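> Structure: coords27.cif, mmCIF, C-alpha atoms.
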```cif
data_target
#
loop_
_atom_site.label_atom_id
_atom_site.label_comp_id
_atom_site.auth_asym_id
_atom_site.auth_seq_id
_atom_site.Cartn_x
_atom_site.Cartn_y
_atom_site.Cartn_z
CA MET A 1 -9.48 41.22 6.24
CA VAL A 2 -12.09 38.50 6.64
CA ASP A 3 -12.80 36.57 9.82
CA ILE A 4 -12.75 32.77 9.54
CA ARG A 5 -15.05 31.09 12.04
CA GLU A 6 -17.62 28.36 12.49
CA VAL A 7 -20.93 28.86 10.73
CA PRO A 8 -23.83 28.40 13.15
CA GLU A 9 -26.91 26.47 12.10
CA SER A 10 -28.81 29.75 11.98
CA ASP A 11 -26.58 30.81 9.03
CA ILE A 12 -27.05 27.67 6.92
CA ASP A 13 -29.63 29.35 4.70
CA ARG A 14 -27.20 32.22 4.12
CA ALA A 15 -24.52 29.70 3.19
CA LEU A 16 -26.88 28.04 0.73
CA GLU A 17 -27.75 31.37 -0.88
CA LEU A 18 -24.03 32.03 -1.34
CA ALA A 19 -23.49 28.56 -2.85
CA TYR A 20 -26.44 28.95 -5.24
CA LEU A 21 -25.08 32.34 -6.32
CA VAL A 22 -21.60 30.94 -6.99
CA PHE A 23 -22.79 27.77 -8.74
CA HIS A 24 -25.54 29.56 -10.71
CA ASP A 25 -28.25 27.39 -9.23
CA ARG A 26 -31.86 28.00 -8.22
CA PRO A 27 -33.24 24.78 -6.75
CA GLU A 28 -36.81 24.15 -5.69
CA LYS A 29 -37.78 24.18 -2.01
CA GLU A 30 -37.58 20.39 -1.70
CA VAL A 31 -33.95 20.39 -2.85
CA ARG A 32 -33.12 23.40 -0.66
CA ASP A 33 -34.55 21.59 2.34
CA LYS A 34 -32.42 18.56 1.53
CA HIS A 35 -29.30 20.71 1.25
CA HIS A 36 -30.14 22.39 4.55
CA ALA A 37 -30.44 19.03 6.31
CA LEU A 38 -27.17 17.86 4.76
CA LEU A 39 -25.24 20.94 5.94
CA ALA A 40 -26.75 20.65 9.41
CA SER A 41 -24.84 17.38 9.80
CA CYS A 42 -21.54 18.77 8.47
CA ASP A 43 -18.62 20.63 9.99
CA ARG A 44 -18.99 24.23 8.69
CA ILE A 45 -16.64 27.18 8.48
CA GLY A 46 -17.22 30.56 6.86
CA ALA A 47 -15.44 33.75 5.91
CA TYR A 48 -17.20 36.81 7.28
CA ASP A 49 -16.57 40.34 6.08
CA GLY A 50 -18.22 42.20 8.90
CA ALA A 51 -21.71 40.69 9.07
CA ALA A 52 -21.62 39.40 5.49
CA LEU A 53 -20.86 35.73 4.79
CA VAL A 54 -18.52 35.88 1.77
CA GLY A 55 -16.99 32.40 1.79
CA PHE A 56 -18.10 28.97 2.94
CA MET A 57 -16.87 25.41 3.24
CA ALA A 58 -18.37 22.28 4.82
CA ALA A 59 -17.06 18.80 5.51
CA HIS A 60 -18.88 15.46 5.73
CA ASP A 61 -17.89 13.14 8.55
CA PHE A 62 -16.71 10.24 6.38
CA ARG A 63 -14.44 7.26 6.66
CA LEU A 64 -12.55 6.28 3.51
CA SER A 65 -11.35 2.85 2.45
CA VAL A 66 -7.59 2.86 1.81
CA PRO A 67 -5.44 -0.20 1.03
CA GLY A 68 -5.73 -2.44 4.07
CA ALA A 69 -7.50 0.08 6.30
CA ASP A 70 -10.47 2.38 6.81
CA LEU A 71 -9.53 5.91 7.92
CA PRO A 72 -11.42 8.98 9.14
CA CYS A 73 -11.56 11.36 6.20
CA PRO A 74 -13.60 14.59 6.09
CA GLY A 75 -15.19 15.08 2.68
CA LEU A 76 -15.19 18.73 1.63
CA THR A 77 -18.29 20.12 -0.04
CA PHE A 78 -20.11 23.39 -0.85
CA VAL A 79 -16.79 25.24 -1.24
CA CYS A 80 -17.60 28.74 -2.47
CA VAL A 81 -16.45 32.37 -2.39
CA ALA A 82 -18.63 35.36 -3.24
CA PRO A 83 -17.83 36.93 -6.64
CA THR A 84 -17.12 40.22 -4.86
CA HIS A 85 -14.31 38.60 -2.81
CA ARG A 86 -12.48 36.42 -5.33
CA ARG A 87 -8.68 36.60 -5.52
CA ARG A 88 -8.45 38.15 -2.07
CA GLY A 89 -7.19 35.09 -0.18
CA VAL A 90 -10.60 33.97 1.09
CA LEU A 91 -10.37 30.42 -0.23
CA THR A 92 -6.80 30.08 1.03
CA ALA A 93 -7.87 31.20 4.51
CA LEU A 94 -10.80 28.79 4.53
CA MET A 95 -8.71 25.87 3.31
CA THR A 96 -5.93 26.57 5.78
CA GLN A 97 -8.38 26.60 8.66
CA MET A 98 -10.07 23.39 7.49
CA LEU A 99 -6.71 21.60 7.16
CA ARG A 100 -5.80 22.68 10.69
CA ARG A 101 -9.12 21.44 12.03
CA THR A 102 -8.67 18.14 10.20
CA ALA A 103 -5.19 17.67 11.66
CA ALA A 104 -6.37 18.59 15.16
CA ALA A 105 -9.19 16.03 14.89
CA GLY A 106 -6.65 13.29 14.12
CA SER A 107 -7.80 12.59 10.54
CA PRO A 108 -4.70 11.72 8.47
CA ILE A 109 -6.42 12.36 5.13
CA ALA A 110 -9.13 14.54 3.59
CA ALA A 111 -10.95 14.28 0.26
CA LEU A 112 -13.13 16.22 -2.17
CA TRP A 113 -14.58 16.26 -5.67
CA ALA A 114 -13.25 19.24 -7.59
CA SER A 115 -15.70 21.48 -9.43
CA GLU A 116 -12.65 23.02 -11.13
CA ALA A 117 -9.57 20.79 -11.41
CA ALA A 118 -7.16 23.75 -11.48
CA ILE A 119 -8.00 24.89 -7.95
CA TYR A 120 -7.11 22.25 -5.39
CA GLY A 121 -3.63 21.10 -6.35
CA ARG A 122 -2.16 24.21 -4.79
CA PHE A 123 -3.64 23.14 -1.47
CA GLY A 124 -1.95 19.73 -1.63
CA TYR A 125 -4.82 17.69 -3.07
CA GLY A 126 -3.96 15.10 -5.69
CA SER A 127 -6.28 13.39 -8.15
CA ALA A 128 -6.30 9.87 -6.67
CA THR A 129 -9.06 8.05 -8.58
CA THR A 130 -10.37 8.13 -12.12
CA GLY A 131 -13.89 7.46 -13.31
CA ALA A 132 -15.19 6.35 -16.69
CA THR A 133 -18.51 6.60 -18.45
CA ILE A 134 -19.48 3.34 -20.15
CA GLU A 135 -22.21 3.06 -22.77
CA ILE A 136 -23.80 -0.16 -24.03
CA ASP A 137 -25.71 -0.41 -27.30
CA SER A 138 -28.62 -2.48 -26.05
CA THR A 139 -30.60 -2.53 -29.27
CA ARG A 140 -29.25 -6.09 -29.54
CA PRO A 141 -28.45 -8.71 -26.87
CA LEU A 142 -25.31 -8.02 -24.87
CA ALA A 143 -22.54 -10.26 -26.19
CA LEU A 144 -20.45 -11.82 -23.42
CA ARG A 145 -17.33 -13.98 -23.29
CA ILE A 146 -18.27 -15.60 -19.96
CA GLU A 147 -21.36 -17.41 -18.75
CA PRO A 148 -23.52 -15.23 -16.45
CA ASP A 149 -24.51 -16.51 -13.03
CA ARG A 150 -27.94 -18.06 -13.53
CA ARG A 151 -29.20 -17.83 -9.99
CA PRO A 152 -32.50 -15.92 -9.69
CA LEU A 153 -32.77 -12.15 -10.05
CA ARG A 154 -35.20 -10.26 -7.81
CA LEU A 155 -36.60 -6.72 -8.00
CA LEU A 156 -36.63 -4.99 -4.60
CA ASP A 157 -39.00 -2.30 -3.35
CA PRO A 158 -36.89 0.87 -2.82
CA GLU A 159 -38.36 1.20 0.67
CA GLU A 160 -36.92 -2.20 1.58
CA ALA A 161 -33.75 -2.07 -0.50
CA LEU A 162 -31.44 -0.35 1.96
CA ALA A 163 -31.63 -3.19 4.47
CA VAL A 164 -30.49 -5.59 1.73
CA ILE A 165 -27.97 -3.68 -0.37
CA GLY A 166 -26.60 -1.37 2.35
CA PRO A 167 -24.65 -4.12 4.19
CA PHE A 168 -23.46 -5.58 0.86
CA HIS A 169 -22.11 -2.19 -0.20
CA GLU A 170 -20.40 -1.64 3.14
CA ALA A 171 -18.67 -5.03 2.92
CA ALA A 172 -17.60 -4.30 -0.67
CA ARG A 173 -15.91 -1.02 0.34
CA ALA A 174 -13.00 -2.91 1.89
CA GLY A 175 -12.23 -4.56 -1.44
CA ARG A 176 -11.47 -1.33 -3.29
CA ALA A 177 -9.72 1.78 -1.97
CA GLY A 178 -11.20 5.26 -2.31
CA ARG A 179 -14.75 4.56 -1.17
CA PRO A 180 -16.39 6.72 1.54
CA THR A 181 -18.96 5.48 4.02
CA ARG A 182 -22.64 6.12 3.35
CA SER A 183 -25.06 7.01 6.07
CA ALA A 184 -28.67 5.85 5.90
CA GLU A 185 -29.61 9.48 5.19
CA ARG A 186 -27.28 9.64 2.16
CA TRP A 187 -28.69 6.39 0.84
CA ARG A 188 -32.25 7.68 1.13
CA GLU A 189 -31.65 11.25 -0.05
CA GLU A 190 -29.29 10.51 -2.94
CA TRP A 191 -29.13 6.95 -4.19
CA LEU A 192 -32.69 5.89 -3.35
CA ALA A 193 -34.48 9.22 -3.70
CA GLU A 194 -37.81 8.96 -5.51
CA GLN A 195 -36.85 11.77 -7.87
CA ASP A 196 -33.41 12.35 -9.32
CA GLU A 197 -32.19 15.83 -8.41
CA GLU A 198 -30.58 16.52 -11.79
CA ASP A 199 -33.10 14.92 -14.17
CA GLU A 200 -36.78 14.90 -13.25
CA GLU A 201 -37.64 12.77 -16.27
CA LEU A 202 -35.81 9.75 -14.90
CA SER A 203 -37.83 7.02 -13.23
CA PRO A 204 -37.64 6.28 -9.51
CA PRO A 205 -34.74 3.99 -8.59
CA ARG A 206 -35.02 0.33 -9.54
CA ILE A 207 -33.01 -2.23 -7.59
CA ILE A 208 -32.34 -5.75 -8.85
CA VAL A 209 -30.38 -8.24 -6.74
CA LEU A 210 -28.98 -11.65 -7.60
CA GLY A 211 -29.79 -14.42 -5.15
CA GLY A 212 -32.85 -16.33 -4.01
CA ALA A 213 -35.24 -15.03 -1.37
CA GLY A 214 -33.91 -15.75 2.09
CA GLU A 215 -30.34 -16.16 0.81
CA PRO A 216 -27.46 -13.65 1.01
CA ILE A 217 -27.30 -11.64 -2.21
CA ALA A 218 -24.29 -11.95 -4.52
CA GLY A 219 -24.70 -8.55 -6.13
CA TYR A 220 -27.07 -5.76 -7.09
CA VAL A 221 -27.67 -3.12 -9.72
CA LEU A 222 -29.34 0.22 -9.01
CA TYR A 223 -30.67 1.99 -12.09
CA ARG A 224 -33.21 4.48 -13.44
CA THR A 225 -34.86 4.60 -16.86
CA LYS A 226 -35.91 7.38 -19.17
CA PRO A 227 -38.13 7.20 -22.26
CA GLU A 228 -36.93 9.12 -25.27
CA ASP A 229 -39.16 11.46 -27.26
CA ASP A 230 -41.04 10.34 -30.35
CA ALA A 231 -39.02 10.97 -33.47
CA ALA A 232 -40.48 10.99 -36.98
CA ALA A 233 -43.67 9.39 -35.64
CA ALA A 234 -41.65 6.34 -34.52
CA ARG A 235 -40.77 5.84 -30.89
CA VAL A 236 -37.03 5.95 -30.20
CA PRO A 237 -35.97 3.37 -27.56
CA GLY A 238 -35.44 4.75 -24.09
CA ARG A 239 -32.27 4.55 -22.06
CA VAL A 240 -31.13 3.01 -18.81
CA ARG A 241 -28.85 4.90 -16.40
CA VAL A 242 -26.93 2.54 -14.13
CA ASP A 243 -26.08 4.37 -10.92
CA GLU A 244 -24.33 1.48 -9.20
CA LEU A 245 -23.49 -2.16 -9.84
CA GLU A 246 -21.79 -4.33 -7.23
CA ALA A 247 -20.98 -8.01 -7.68
CA ASP A 248 -19.11 -10.75 -5.84
CA THR A 249 -17.83 -12.39 -9.03
CA PRO A 250 -17.47 -11.59 -12.74
CA ALA A 251 -20.30 -14.05 -13.48
CA VAL A 252 -22.62 -12.13 -11.14
CA ALA A 253 -21.62 -8.85 -12.79
CA ALA A 254 -22.28 -10.39 -16.20
CA ALA A 255 -25.79 -11.43 -15.11
CA LEU A 256 -26.61 -7.93 -13.85
CA TRP A 257 -25.25 -6.16 -16.95
CA GLU A 258 -27.14 -8.63 -19.16
CA CYS A 259 -30.31 -7.87 -17.23
CA VAL A 260 -30.20 -4.08 -17.60
CA ALA A 261 -29.13 -4.38 -21.25
CA SER A 262 -32.22 -6.47 -22.03
CA LEU A 263 -34.90 -4.19 -20.57
CA ASP A 264 -37.84 -3.74 -22.92
CA LEU A 265 -38.32 -0.43 -24.78
CA THR A 266 -34.73 0.67 -24.19
CA GLY A 267 -31.80 0.92 -26.57
CA LYS A 268 -28.90 2.34 -24.58
CA VAL A 269 -27.36 1.74 -21.16
CA SER A 270 -25.11 4.44 -19.69
CA ALA A 271 -23.08 4.07 -16.52
CA TRP A 272 -21.26 7.10 -15.18
CA GLY A 273 -18.31 6.86 -12.83
CA ARG A 274 -17.30 3.23 -13.40
CA PRO A 275 -13.76 2.07 -12.53
CA LEU A 276 -11.23 1.98 -15.34
CA ASP A 277 -10.65 -1.72 -14.64
CA ASP A 278 -14.35 -2.62 -14.73
CA PRO A 279 -14.50 -6.36 -15.63
CA LEU A 280 -17.25 -5.57 -18.13
CA LEU A 281 -14.62 -4.03 -20.40
CA HIS A 282 -12.88 -7.40 -20.58
CA PHE A 283 -15.72 -9.90 -20.64
CA ALA A 284 -17.79 -7.96 -23.18
CA ALA A 285 -17.40 -9.86 -26.46
CA ASP A 286 -17.89 -6.81 -28.69
CA ARG A 287 -16.11 -3.60 -27.67
CA ASP A 288 -18.00 -1.74 -30.38
CA GLN A 289 -21.11 -2.54 -28.35
CA VAL A 290 -19.54 -1.59 -24.99
CA ARG A 291 -17.58 1.64 -25.16
CA VAL A 292 -15.83 4.03 -22.78
CA THR A 293 -17.14 7.44 -23.81
CA ALA A 294 -15.50 9.61 -21.13
CA GLN A 295 -12.75 9.47 -18.54
CA PHE A 296 -12.28 12.01 -15.74
CA PRO A 297 -10.52 12.73 -12.43
CA ALA A 298 -12.83 11.77 -9.59
CA LEU A 299 -11.78 11.75 -5.92
CA TRP A 300 -9.04 14.18 -4.84
CA VAL A 301 -7.11 13.22 -1.71
CA ARG A 302 -5.04 15.31 0.69
CA LEU A 303 -2.46 13.74 3.06
CA VAL A 304 -2.95 15.83 6.18
CA ASP A 305 -0.56 13.73 8.29
CA VAL A 306 1.80 11.98 5.88
CA ARG A 307 3.37 9.72 8.51
CA ALA A 308 0.01 8.54 9.87
CA ALA A 309 -1.41 8.02 6.37
CA LEU A 310 1.55 6.01 5.06
CA THR A 311 1.90 3.81 8.13
CA ALA A 312 -1.85 3.08 8.24
CA ARG A 313 -2.16 1.58 4.76
CA SER A 314 -0.96 -1.85 3.62
CA TRP A 315 1.97 -2.42 1.27
CA ALA A 316 2.24 -4.97 -1.52
CA ALA A 317 6.03 -5.36 -1.62
CA PRO A 318 9.09 -4.37 0.42
CA VAL A 319 10.55 -0.92 -0.23
CA GLU A 320 13.04 1.40 1.45
CA VAL A 321 13.39 4.90 0.05
CA VAL A 322 14.25 8.36 1.27
CA LEU A 323 11.61 10.89 0.28
CA GLU A 324 12.06 14.64 0.15
CA VAL A 325 8.52 15.92 0.60
CA HIS A 326 7.41 19.50 -0.01
CA ASP A 327 4.29 20.84 1.71
CA VAL A 328 3.88 24.61 1.90
CA ARG A 329 0.46 24.41 3.62
CA LEU A 330 1.34 21.96 6.41
CA PRO A 331 5.07 22.37 7.15
CA ALA A 332 5.10 19.44 9.61
CA ASN A 333 4.86 17.15 6.56
CA ALA A 334 7.83 18.76 4.81
CA GLY A 335 11.35 17.37 5.00
CA ARG A 336 13.35 14.27 4.27
CA PHE A 337 11.98 10.98 5.52
CA ARG A 338 13.00 7.35 5.26
CA LEU A 339 10.11 5.09 4.35
CA LYS A 340 10.54 1.40 5.14
CA ALA A 341 7.48 -0.56 4.15
CA GLY A 342 6.31 -4.01 3.22
CA PRO A 343 3.61 -6.60 3.89
CA ALA A 344 4.47 -6.56 7.60
CA GLY A 345 3.88 -2.80 7.98
CA ALA A 346 5.68 0.51 7.57
CA THR A 347 7.79 3.09 9.36
CA TYR A 348 8.31 6.67 8.26
CA GLU A 349 10.99 8.60 10.14
CA ASN A 350 13.09 11.73 9.68
CA ASP A 351 16.23 11.02 7.69
CA HIS A 352 19.26 12.68 9.24
CA ALA A 353 21.86 11.76 6.60
CA ASP A 354 22.03 15.36 5.45
CA SER A 355 24.88 14.78 3.00
CA ALA A 356 22.97 12.14 1.02
CA THR A 357 20.53 12.93 -1.74
CA ALA A 358 16.94 11.77 -1.32
CA ASP A 359 15.91 8.92 -3.61
CA LEU A 360 12.75 10.77 -4.68
CA ALA A 361 11.70 14.41 -4.33
CA LEU A 362 8.05 15.30 -4.71
CA ASP A 363 5.27 17.57 -3.55
CA VAL A 364 2.67 16.26 -1.11
CA ARG A 365 0.16 16.64 -3.97
CA GLU A 366 1.92 13.93 -6.00
CA LEU A 367 2.25 11.67 -2.96
CA ALA A 368 -1.49 12.04 -2.38
CA ALA A 369 -2.27 11.16 -6.00
CA CYS A 370 -0.33 7.89 -5.60
CA TYR A 371 -1.47 7.06 -2.07
CA LEU A 372 -4.45 4.85 -2.99
CA GLY A 373 -2.55 3.02 -5.72
CA GLY A 374 -4.30 4.60 -8.69
CA THR A 375 -1.42 6.73 -10.00
CA ARG A 376 2.12 5.52 -10.63
CA ILE A 377 5.15 7.41 -9.31
CA GLU A 378 6.98 6.53 -12.53
CA GLU A 379 4.32 8.29 -14.61
CA LEU A 380 4.71 11.45 -12.53
CA ALA A 381 8.49 11.23 -12.84
CA LEU A 382 8.17 11.02 -16.62
CA ALA A 383 5.95 14.12 -16.45
CA GLY A 384 8.64 16.01 -14.51
CA LEU A 385 6.54 16.21 -11.34
CA VAL A 386 8.69 13.79 -9.31
CA GLN A 387 12.49 13.92 -9.30
CA GLU A 388 14.07 10.47 -9.21
CA HIS A 389 17.63 10.79 -7.90
CA THR A 390 18.20 7.06 -7.43
CA PRO A 391 17.42 4.96 -10.53
CA GLY A 392 14.75 2.37 -9.82
CA ALA A 393 13.37 4.16 -6.74
CA ALA A 394 10.12 5.13 -8.46
CA ALA A 395 9.52 1.59 -9.72
CA ALA A 396 10.22 0.16 -6.28
CA LEU A 397 7.77 2.52 -4.61
CA ASP A 398 5.15 1.77 -7.28
CA ALA A 399 5.48 -1.96 -6.63
CA ALA A 400 4.92 -1.37 -2.91
CA LEU A 401 1.92 0.92 -3.46
CA ARG A 402 0.25 -1.44 -5.94
CA THR A 403 -3.28 -2.68 -5.20
CA PRO A 404 -5.09 -5.67 -6.78
CA VAL A 405 -7.78 -3.39 -8.23
CA LEU A 406 -7.72 0.32 -8.98
CA PRO A 407 -9.09 2.73 -6.38
CA HIS A 408 -12.49 4.04 -7.34
CA THR A 409 -15.64 5.69 -6.10
CA SER A 410 -18.80 7.04 -7.67
CA ASP A 411 -19.83 8.77 -4.41
CA GLU A 412 -19.76 12.34 -5.61
CA PHE A 413 -20.15 14.88 -2.82
#
```
Output the file's structure in the form of structure tokens.


Amino acid sequence: MVDIREVPESDIDRALELAYLVFHDRPEKEVRDKHHALLASCDRIGAYDGAALVGFMAAHDFRLSVPGADLPCPGLTFVCVAPTHRRRGVLTALMTQMLRRTAAAGSPIAALWASEAAIYGRFGYGSATTGATIEIDSTRPLALRIEPDRRPLRLLDPEEALAVIGPFHEAARAGRAGRPTRSAERWREEWLAEQDEEDEELSPPRIIVLGGAGEPIAGYVLYRTKPEDDAAAARVPGRVRVDELEADTPAVAAALWECVASLDLTGKVSAWGRPLDDPLLHFAADRDQVRVTAQFPALWVRLVDVRAALTARSWAAPVEVVLEVHDVRLPANAGRFRLKAGPAGATYENDHADSATADLALDVRELAACYLGGTRIEELALAGLVQEHTPGAAAALDAALRTPVLPHTSDEF
């Protein structure tokens, strides 16, 4: 039997050693120091077998944009169990304790990025956003169907960039659900770090903004470049990795994409973790030049307090449905509830009409997957994961959950 308790700061190095063992990693001292500083700012719990730390889990203190609101949302990270203690209930004990702590702290939702997609559904997490990798063949000019914004482009010094792009990013979070807050430390240690942690051959970050000096910017692109090796005595063009692109309008986005696609001595632009509804995919004139090369589940969301989560978000259309919700981890969420929601707000109360059948029956995992508006209830019903007892109930709930743009984040943690 393991003991689940808080991990003191003095045990952070032990936690890191466990994580590196589990994830088959051996980082240099600079990266270890960064990880240590990150965990020092997190909520930490561990599984101890006697004096040995055999399981670990940490949580960032985030807020997450949801439709119409911004909610406290711990972001789970460094989840690991020693190979000697797998399949002995250690992860379940850790997750149960973290969910209890989250509920006690008043956070209605929690989130994570899954290292293995098969693990977290059983703890009530649903895949709530999807990311795409987009590649541009930039050996020729980027063909566009719209006219780019021709206001000036400026290259920022990374040391000065945060003061300019940080507020723009924070304002943009409200426009798309699924985006966690970024502290100044995360900006500096991850997005604006001199050296990329995963690829040392990449350049330092480059930041280009659109807008004249002294004027508010209308968008920015953050990218790194990498030269390719010589091949057959002829230099192969290098590539551009776009880490983030934010824009007020499609014309601004077009100007920024055009800029990175026209960099000298490069022949390919890759952008990981873009939204599936990225405007580039529509205003690109040649979809053989701009291609989606991968698509993957990104942010996983857990509804810790279903009532608080549903009544906090905004609703696009009126709906009234009775939901039969299953939640084996947090029984307070389980039962039959009547959801009345619309543009004016929402209520979510116990339904006492015991003789009536619920309109929809679903696990809290499926409700979490749909919560941000990125997954349709009807799709899950067609997959047999939601039971629709009243025809049209799934479509009505989908219409109410709908958001103008898909939820999305590239903030992997």

> Find the residues of segment 93-150 of chain A that sit at most 10 Å from segment 39-61 of chain A; for each, write down the nearest two atoms and how far apart they are in Å, to one decimal. Count all atoms listed in the file. Sort by chain, then by number going up, and give it as a tab-separated table.


```
residue	atom	partner	partner_atom	distance
A:Ala93	CA	A:Ala47	CA	8.1
A:Leu94	CA	A:Ala47	CA	6.9
A:Met95	CA	A:Met57	CA	8.2
A:Gln97	CA	A:Ile45	CA	8.3
A:Met98	CA	A:Ile45	CA	7.6
A:Arg101	CA	A:Asp43	CA	9.8
A:Thr102	CA	A:Ala59	CA	9.6
A:Ala110	CA	A:Ala59	CA	9.2
A:Ala111	CA	A:Ala59	CA	9.2
A:Leu112	CA	A:Ala59	CA	9.0
```

> Output C-alpha atoms of each residue in that selection to a file, as a JSON list (two decimals), in the coordinates of the input.


```
[["chain", "number", "residue", "atom", "x", "y", "z"],
["A", 93, "ALA", "CA", -7.87, 31.20, 4.51],
["A", 94, "LEU", "CA", -10.80, 28.79, 4.53],
["A", 95, "MET", "CA", -8.71, 25.87, 3.31],
["A", 97, "GLN", "CA", -8.38, 26.60, 8.66],
["A", 98, "MET", "CA", -10.07, 23.39, 7.49],
["A", 101, "ARG", "CA", -9.12, 21.44, 12.03],
["A", 102, "THR", "CA", -8.67, 18.14, 10.20],
["A", 110, "ALA", "CA", -9.13, 14.54, 3.59],
["A", 111, "ALA", "CA", -10.95, 14.28, 0.26],
["A", 112, "LEU", "CA", -13.13, 16.22, -2.17]]
```

> Suppose a student applies the PyMOL selection byres ((chain A and resi 139-154) around 6) to this structure; what residues should they get, written as a PyMOL selection string?

chain A and resi 137-138+155+208-212+251-252+254-255+267+283-285

> Point out the residue among A:Arg63, A:Leu18, A:Arg100, A:Tyr371 with the least atom-to-atom distance to Val81 of chain A, counting only C-alpha atoms.

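For Val81 of chain A, the nearest of the given residues is A:Leu18.
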
> I would like the residues chosen by the PyMOL selection byres ((chain A and resi 364) around 6) on the shown file; could you give them as a ChimeraX atom specification?

/A:124,326-327,363,365-367

> Got a sec: who's within 9 Å of segment 405-410 of chain A, counting all atoms listed in the file, leaving out chain neighbours fewer than 6 positions off, as a VMD selection string?

chain A and resid 66 to 67 128 to 131 175 to 180 243 to 244 272 to 277 298 to 299 372 to 374

> Just write the chosen residues, C-alpha atoms, as an mmCIF file, in the frame of the given file.


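As a result, selection39.cif now contains:
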```
data_model
loop_
_atom_site.group_PDB
_atom_site.id
_atom_site.type_symbol
_atom_site.label_atom_id
_atom_site.label_comp_id
_atom_site.auth_asym_id
_atom_site.auth_seq_id
_atom_site.Cartn_x
_atom_site.Cartn_y
_atom_site.Cartn_z
ATOM 1 C CA VAL A 66 -7.590 2.860 1.810
ATOM 2 C CA PRO A 67 -5.440 -0.200 1.030
ATOM 3 C CA ALA A 128 -6.300 9.870 -6.670
ATOM 4 C CA THR A 129 -9.060 8.050 -8.580
ATOM 5 C CA THR A 130 -10.370 8.130 -12.120
ATOM 6 C CA GLY A 131 -13.890 7.460 -13.310
ATOM 7 C CA GLY A 175 -12.230 -4.560 -1.440
ATOM 8 C CA ARG A 176 -11.470 -1.330 -3.290
ATOM 9 C CA ALA A 177 -9.720 1.780 -1.970
ATOM 10 C CA GLY A 178 -11.200 5.260 -2.310
ATOM 11 C CA ARG A 179 -14.750 4.560 -1.170
ATOM 12 C CA PRO A 180 -16.390 6.720 1.540
ATOM 13 C CA ASP A 243 -26.080 4.370 -10.920
ATOM 14 C CA GLU A 244 -24.330 1.480 -9.200
ATOM 15 C CA TRP A 272 -21.260 7.100 -15.180
ATOM 16 C CA GLY A 273 -18.310 6.860 -12.830
ATOM 17 C CA ARG A 274 -17.300 3.230 -13.400
ATOM 18 C CA PRO A 275 -13.760 2.070 -12.530
ATOM 19 C CA LEU A 276 -11.230 1.980 -15.340
ATOM 20 C CA ASP A 277 -10.650 -1.720 -14.640
ATOM 21 C CA ALA A 298 -12.830 11.770 -9.590
ATOM 22 C CA LEU A 299 -11.780 11.750 -5.920
ATOM 23 C CA LEU A 372 -4.450 4.850 -2.990
ATOM 24 C CA GLY A 373 -2.550 3.020 -5.720
ATOM 25 C CA GLY A 374 -4.300 4.600 -8.690
#
```

> Measuring atom to atom with all atoms listed in the file, identify which of A:Leu192, A:Val321, A:Leu310, A:Ala118 is nearest to Asp157 of chain A.

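Looking at the shortest contact to Asp157 of chain A, the residue is A:Leu192.
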
> Applying 8 Å and only C-alpha atoms, which residues near segment 330-340 of chain A remain after dropping the ones on its own chain fewer than 3 positions away? List them as a PyMOL selection string.

chain A and resi 304-307+318-327+346-352+358

> For segment 20-26 of chain A, please output as an MDAnalysis selection string all residues within 8 Å (counting all atoms listed in the file; exclusion window: fewer than 3 positions along the same chain).

chainID A and resid 16:17 80:83

> Give me the box for segment 372-379 of chain A as AutoDock Vina command-line options, namely the centre and edge lengths in Å to one decimal of a box along x, y and z that holds every listed atom plus 8 Å on each side.


```
--center_x 1.3 --center_y 5.7 --center_z -8.8 --size_x 27.4 --size_y 21.3 --size_z 27.6
```

> Enter the distance from atom CA of Lys29 of chain A to atom CA of Ser203 of chain A, in Å, rounded to one decimal.

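That distance, rounded to one decimal, is 20.5 Å.
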
> Quick one: apply the PyMOL selection byres ((chain A and resi 71) around 10) to the file and drop the selected residues here as a list in words.

Phe62, Arg63, Leu64, Ser65, Val66, Gly68, Ala69, Asp70, Pro72, Cys73, Pro74, Ser107, Pro108, Ile109, Ala110, Pro180, Ala309, Ala312 and Arg313 of chain A

> Please compute the atom CA of Leu245 of chain A-atom CA of Glu258 of chain A distance, one decimal, in Å.

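Between atom CA of Leu245 of chain A and atom CA of Glu258 of chain A the gap works out to 11.9 Å.
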
> Looking at all atoms listed in the file, which of A:Pro158, A:Ala117, A:Arg186, A:Val292 is the one that sits closest to Pro205 of chain A?

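Distance minimum relative to Pro205 of chain A lands on A:Pro158.
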
> Using all atoms listed in the file for the distances, tell me which of A:Val164, A:Val221, A:Leu360, A:Ala368 is nearest to Gly384 of chain A.

A:Leu360

> Using all atoms listed in the file, which of the listed residues (A:His389, A:Arg376, A:Arg224, A:Arg402) sits closest to Ala361 of chain A?

A:His389

> Taking only C-alpha atoms into account, which of A:Ala105, A:Ala400, A:Ile207, A:Leu38 comes nearest Ile12 of chain A?

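Checking each of A:Ala105, A:Ala400, A:Ile207, A:Leu38 against Ile12 of chain A, counting only C-alpha atoms, the winner is A:Leu38.
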
> Expressed in Å to a single decimal, how great is the separation between atom CA of Leu265 of chain A and atom CA of Arg239 of chain A?

8.3 Å
